[in-house]
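J.: The structure under discussion is supplied below as structure tokens; questions concerning it will follow.
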Amino acid sequence: MDSAPVRQGHIPLPGNQTIIEEPATSVRRRKMLTILGWILRYAAMSVLALAFALPLLWMVGTSLKLESEVLAIPPTFLPDDPQWHNYRETFNTIREFVWNSAYLAVLNVVLLLFFASAAAYGFARLDFFARDLAFSLLLATAMIPGIVYLIPQYILFRDFGWIDTHYPLWVPRVLTPVIGTFLIRQFFKSIPIDLEDAAKLDGASTFEIYWRIMLPQVKPGLAAVGVFTFLDSWNDLFGPLIFVNSIEKQTLPVALALYQGEFFTQTSLLMAAATITIVPVIVIFLLSQKYFIQGIALTGLKG
């Protein structure tokens, strides 16, 4: 039986078909290029990460310096003798403001997640008259700038007796969770209807289905909305300036502004206060990073 000559790099197959083998040198070259590409990519990301982290590192370093080191020419990046007492002195000054911001942030996150998820479940799963129209009108309210209704809102809160209280800093936010409702609704719509039907067959009520079956399925969406709500409340400067008059009821962003005016020559203490301010934000993000990234990545997969 005749056999066709086999050339290097070819594998004979029945029917005079052949598979061309890639030379070993080409395989090694392609692997080397892939590894080099990954090295360059990670090197570029490391440089960008360092560039973004430099202001944060400079702030922490400055918070540990003596005032003479802060004003030194040429400037130094790291302190010669870290002044840890700067943090103790600063925290004793802003302790009450930290508490005000912390409890308002927690209150906003917990209540907003409840109201937003309940509204989102209703718009995603319940069938009622003009549901889609109501949802469209809800989204349309997000297009109205807050400055437009600031004066009517202030007059309303004044008539309620809420001026110089914390009610204006959380009641409007938790009762009008437009963006949170939209984001969580997208997650509810992505859950198979069979899961809900099975719960109905077992005799579960609408609230039980929402609370015990559906809500645990949307943890990424809840984490994303929770982080955004925390940041919105924690960094709120405008609301406390408008609605709160007493200094003991003010929040941390206002305290930082006042701190800068009171200690305008003590940059190290101001940087210590700023560092204390961003620590909770970093901790919250690190704790919820997994669900937060999933929530951002999966939002909008199903309309």
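Convention: chains lettered A, B, ... in structure tokens order; per-chain residue numbering from 1; ligands numbered from 1 as shown.
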For the structure I just gave you, how does DSSP split segment 203-252 of chain A - specifically, which residues are alpha helix (DSSP H)? Reply as a VMD selection string.
T.: chain A and resid 206 to 208 219 to 234 238 to 243 252
J.: Emit the selected residues as an mmCIF file, in the first residue's frame, including C-alpha atoms.
T.:
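The result, written out as out_14.cif:
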```cif
data_model
loop_
_atom_site.group_PDB
_atom_site.id
_atom_site.type_symbol
_atom_site.label_atom_id
_atom_site.label_comp_id
_atom_site.auth_asym_id
_atom_site.auth_seq_id
_atom_site.Cartn_x
_atom_site.Cartn_y
_atom_site.Cartn_z
ATOM 1 C CA THR A 206 -45.959 38.369 49.158
ATOM 2 C CA PHE A 207 -43.878 39.874 51.967
ATOM 3 C CA GLU A 208 -42.366 36.488 52.842
ATOM 4 C CA LYS A 219 -26.958 40.953 47.595
ATOM 5 C CA PRO A 220 -24.683 42.472 44.908
ATOM 6 C CA GLY A 221 -27.282 45.120 44.117
ATOM 7 C CA LEU A 222 -27.865 45.862 47.785
ATOM 8 C CA ALA A 223 -24.111 46.199 48.345
ATOM 9 C CA ALA A 224 -23.709 48.630 45.453
ATOM 10 C CA VAL A 225 -26.639 50.795 46.553
ATOM 11 C CA GLY A 226 -25.481 50.619 50.174
ATOM 12 C CA VAL A 227 -21.966 51.839 49.347
ATOM 13 C CA PHE A 228 -23.290 54.712 47.231
ATOM 14 C CA THR A 229 -25.745 55.691 49.970
ATOM 15 C CA PHE A 230 -23.047 55.616 52.630
ATOM 16 C CA LEU A 231 -20.784 57.845 50.547
ATOM 17 C CA ASP A 232 -23.628 60.233 49.790
ATOM 18 C CA SER A 233 -24.487 60.608 53.473
ATOM 19 C CA TRP A 234 -20.930 60.573 54.827
ATOM 20 C CA PHE A 238 -24.607 71.017 51.617
ATOM 21 C CA GLY A 239 -27.482 69.557 53.654
ATOM 22 C CA PRO A 240 -26.017 70.183 57.130
ATOM 23 C CA LEU A 241 -24.992 73.712 56.155
ATOM 24 C CA ILE A 242 -28.560 74.545 55.089
ATOM 25 C CA PHE A 243 -30.704 72.745 57.653
ATOM 26 C CA LEU A 252 -17.920 65.637 59.782
#
```
J.: Quick one: residues within 12 Å of Arg158 of chain A, only C-alpha atoms, excluding same-chain residues fewer than 6 positions away - as a short mmCIF file (atom, residue, chain, number, x, y, z; two decimals) with N, CA and C atoms, in the first residue's frame?
T.:
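Once everything was written out, this is out.cif:
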```cif
data_model
loop_
_atom_site.label_atom_id
_atom_site.label_comp_id
_atom_site.auth_asym_id
_atom_site.auth_seq_id
_atom_site.Cartn_x
_atom_site.Cartn_y
_atom_site.Cartn_z
N ILE A 151 -35.72 75.76 48.14
CA ILE A 151 -36.46 76.74 48.94
C ILE A 151 -37.81 76.18 49.40
N PRO A 152 -38.63 75.58 48.50
CA PRO A 152 -39.88 74.96 49.00
C PRO A 152 -39.61 73.87 50.05
N ASP A 164 -32.71 72.69 62.18
CA ASP A 164 -31.78 72.45 63.27
C ASP A 164 -32.00 71.09 63.92
N THR A 165 -32.49 70.14 63.11
CA THR A 165 -32.57 68.74 63.52
C THR A 165 -31.94 67.89 62.42
N TYR A 167 -33.56 65.41 60.94
CA TYR A 167 -34.58 64.83 60.07
C TYR A 167 -34.39 65.19 58.59
N PRO A 168 -34.06 66.43 58.24
CA PRO A 168 -33.87 66.73 56.81
C PRO A 168 -32.68 66.01 56.18
N ILE A 242 -27.28 73.88 55.31
CA ILE A 242 -28.56 74.55 55.09
C ILE A 242 -29.52 74.33 56.25
N PHE A 243 -29.62 73.09 56.73
CA PHE A 243 -30.70 72.74 57.65
C PHE A 243 -30.29 72.67 59.12
N VAL A 244 -29.01 72.62 59.42
CA VAL A 244 -28.55 72.47 60.79
C VAL A 244 -27.81 73.74 61.21
#
```
J.: Skipping near chain neighbours, those fewer than 2 positions away, what residues fall within 10 Å of Ala142 of chain A using only C-alpha atoms, listed as an MDAnalysis selection string?
T.: chainID A and resid 137:140 144:146 176:179
J.: Between atom CA of Val283 of chain A and atom CA of His85 of chain A, what is the spacing in Å?
T.: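 Here the two named atoms are 22.4 Å from each other.
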J.: What lies within 8 Å of Phe188 of chain A using only C-alpha atoms, ignoring chain neighbours under 4 positions off, as a PDB file with N, CA and C atoms, in the first residue's frame?
T.:
```
ATOM      1  N   ALA A 120     -38.546  48.377  44.606  1.00  0.00           N
ATOM      2  CA  ALA A 120     -38.009  47.671  43.433  1.00  0.00           C
ATOM      3  C   ALA A 120     -38.711  46.340  43.224  1.00  0.00           C
ATOM      4  N   TYR A 121     -38.991  45.622  44.309  1.00  0.00           N
ATOM      5  CA  TYR A 121     -39.713  44.353  44.180  1.00  0.00           C
ATOM      6  C   TYR A 121     -41.116  44.580  43.630  1.00  0.00           C
ATOM      7  N   ALA A 124     -40.846  45.325  39.920  1.00  0.00           N
ATOM      8  CA  ALA A 124     -40.306  44.225  39.127  1.00  0.00           C
ATOM      9  C   ALA A 124     -41.225  43.021  39.089  1.00  0.00           C
ATOM     10  N   ARG A 125     -41.944  42.739  40.189  1.00  0.00           N
ATOM     11  CA  ARG A 125     -42.650  41.464  40.298  1.00  0.00           C
ATOM     12  C   ARG A 125     -44.172  41.592  40.440  1.00  0.00           C
ATOM     13  N   ILE A 184     -31.812  48.105  42.031  1.00  0.00           N
ATOM     14  CA  ILE A 184     -32.238  46.841  42.631  1.00  0.00           C
ATOM     15  C   ILE A 184     -33.327  46.183  41.785  1.00  0.00           C
ATOM     16  N   MET A 214     -36.519  36.459  47.798  1.00  0.00           N
ATOM     17  CA  MET A 214     -35.970  37.309  46.749  1.00  0.00           C
ATOM     18  C   MET A 214     -34.824  38.202  47.234  1.00  0.00           C
ATOM     19  N   VAL A 218     -30.340  39.235  45.770  1.00  0.00           N
ATOM     20  CA  VAL A 218     -29.872  40.493  45.168  1.00  0.00           C
ATOM     21  C   VAL A 218     -28.822  41.163  46.041  1.00  0.00           C
TER      22      VAL A 218
END
```
J.: Hey, can you check how far atom CA of Phe77 of chain A sits from atom CA of Gly61 of chain A?
T.: 6.5 Å
J.: Have a look at A:Val148, A:Leu237, A:Ile191, A:Val47 and name the one nearest to Pro216 of chain A; count only C-alpha atoms.
T.: A:Ile191
J.: What gap, in Å, lies between atom CA of Leu269 of chain A and atom CA of Leu287 of chain A?
T.: 27.9 Å
J.: Could you check the closest approach to Pro253 of chain A for each of A:Leu183, A:Val60, A:Val98, A:Leu54 and tell me which residue wins, using only C-alpha atoms?
T.: A:Val98
J.: Measuring between only C-alpha atoms, which one of A:Thr90, A:Leu256, A:Pro172, A:Gln289 shows the shortest distance to Leu156 of chain A?
T.: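 Among A:Thr90, A:Leu256, A:Pro172, A:Gln289, it is A:Pro172 that comes nearest to Leu156 of chain A.
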J.: Which residues of segment 224-281 of chain A come within 8 Å of segment 63-66 of chain A, and what is each one's closest atom pair and distance in Å (one decimal), counting only C-alpha atoms, sorted by chain and residue number, as a Markdown table?
T.:
```
| residue | atom | partner | partner_atom | distance |
| --- | --- | --- | --- | --- |
| A:Thr267 | CA | A:Ser63 | CA | 7.6 |
| A:Ser268 | CA | A:Ser63 | CA | 4.3 |
| A:Leu269 | CA | A:Ser63 | CA | 6.1 |
| A:Leu270 | CA | A:Ser63 | CA | 7.4 |
| A:Met271 | CA | A:Ser63 | CA | 4.8 |
| A:Ala272 | CA | A:Ser63 | CA | 4.6 |
| A:Thr275 | CA | A:Ser63 | CA | 7.8 |
```
J.: Produce a file of the selected residues containing N, CA and C atoms, as a compact mmCIF listing (two decimals), in the first residue's frame.
T.:
```txt
# COMPACT_ATOMS: atom_id res chain seq x y z
N THR A 267 -1.55 72.56 59.52
CA THR A 267 -1.86 71.66 58.40
C THR A 267 -1.79 70.21 58.82
N SER A 268 -0.90 69.86 59.73
CA SER A 268 -0.77 68.47 60.16
C SER A 268 -2.05 67.98 60.83
N LEU A 269 -2.67 68.81 61.66
CA LEU A 269 -3.91 68.42 62.32
C LEU A 269 -5.06 68.33 61.31
N LEU A 270 -5.06 69.22 60.35
CA LEU A 270 -6.09 69.17 59.31
C LEU A 270 -5.97 67.89 58.49
N MET A 271 -4.75 67.49 58.16
CA MET A 271 -4.53 66.24 57.41
C MET A 271 -4.90 65.03 58.26
N ALA A 272 -4.67 65.10 59.56
CA ALA A 272 -5.09 64.01 60.44
C ALA A 272 -6.61 63.87 60.44
N THR A 275 -7.65 62.29 57.21
CA THR A 275 -7.37 60.85 57.22
C THR A 275 -8.42 60.09 58.01
```
J.: Extract, using only C-alpha atoms, all DNA, RNA and protein residues at most 9 Å from Ile213 of chain A, discarding same-chain residues fewer than 3 positions from it, and format them as a ChimeraX atom specification.
T.: /A:195-196,199,208-210,216-217
J.: Can you write out the residues you just picked, keeping C-alpha atoms, as a PDB file, in the first residue's frame?
T.:
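Just written: out37.pdb:
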```pdb
ATOM      1  CA  LEU A 195     -38.325  30.527  42.241  1.00  0.00           C
ATOM      2  CA  GLU A 196     -41.191  32.848  43.121  1.00  0.00           C
ATOM      3  CA  ALA A 199     -42.675  29.848  47.058  1.00  0.00           C
ATOM      4  CA  GLU A 208     -42.366  36.488  52.842  1.00  0.00           C
ATOM      5  CA  ILE A 209     -41.377  35.954  49.217  1.00  0.00           C
ATOM      6  CA  TYR A 210     -39.796  39.395  49.092  1.00  0.00           C
ATOM      7  CA  PRO A 216     -31.064  37.302  49.556  1.00  0.00           C
ATOM      8  CA  GLN A 217     -30.730  36.836  45.793  1.00  0.00           C
TER       9      GLN A 217
END
```
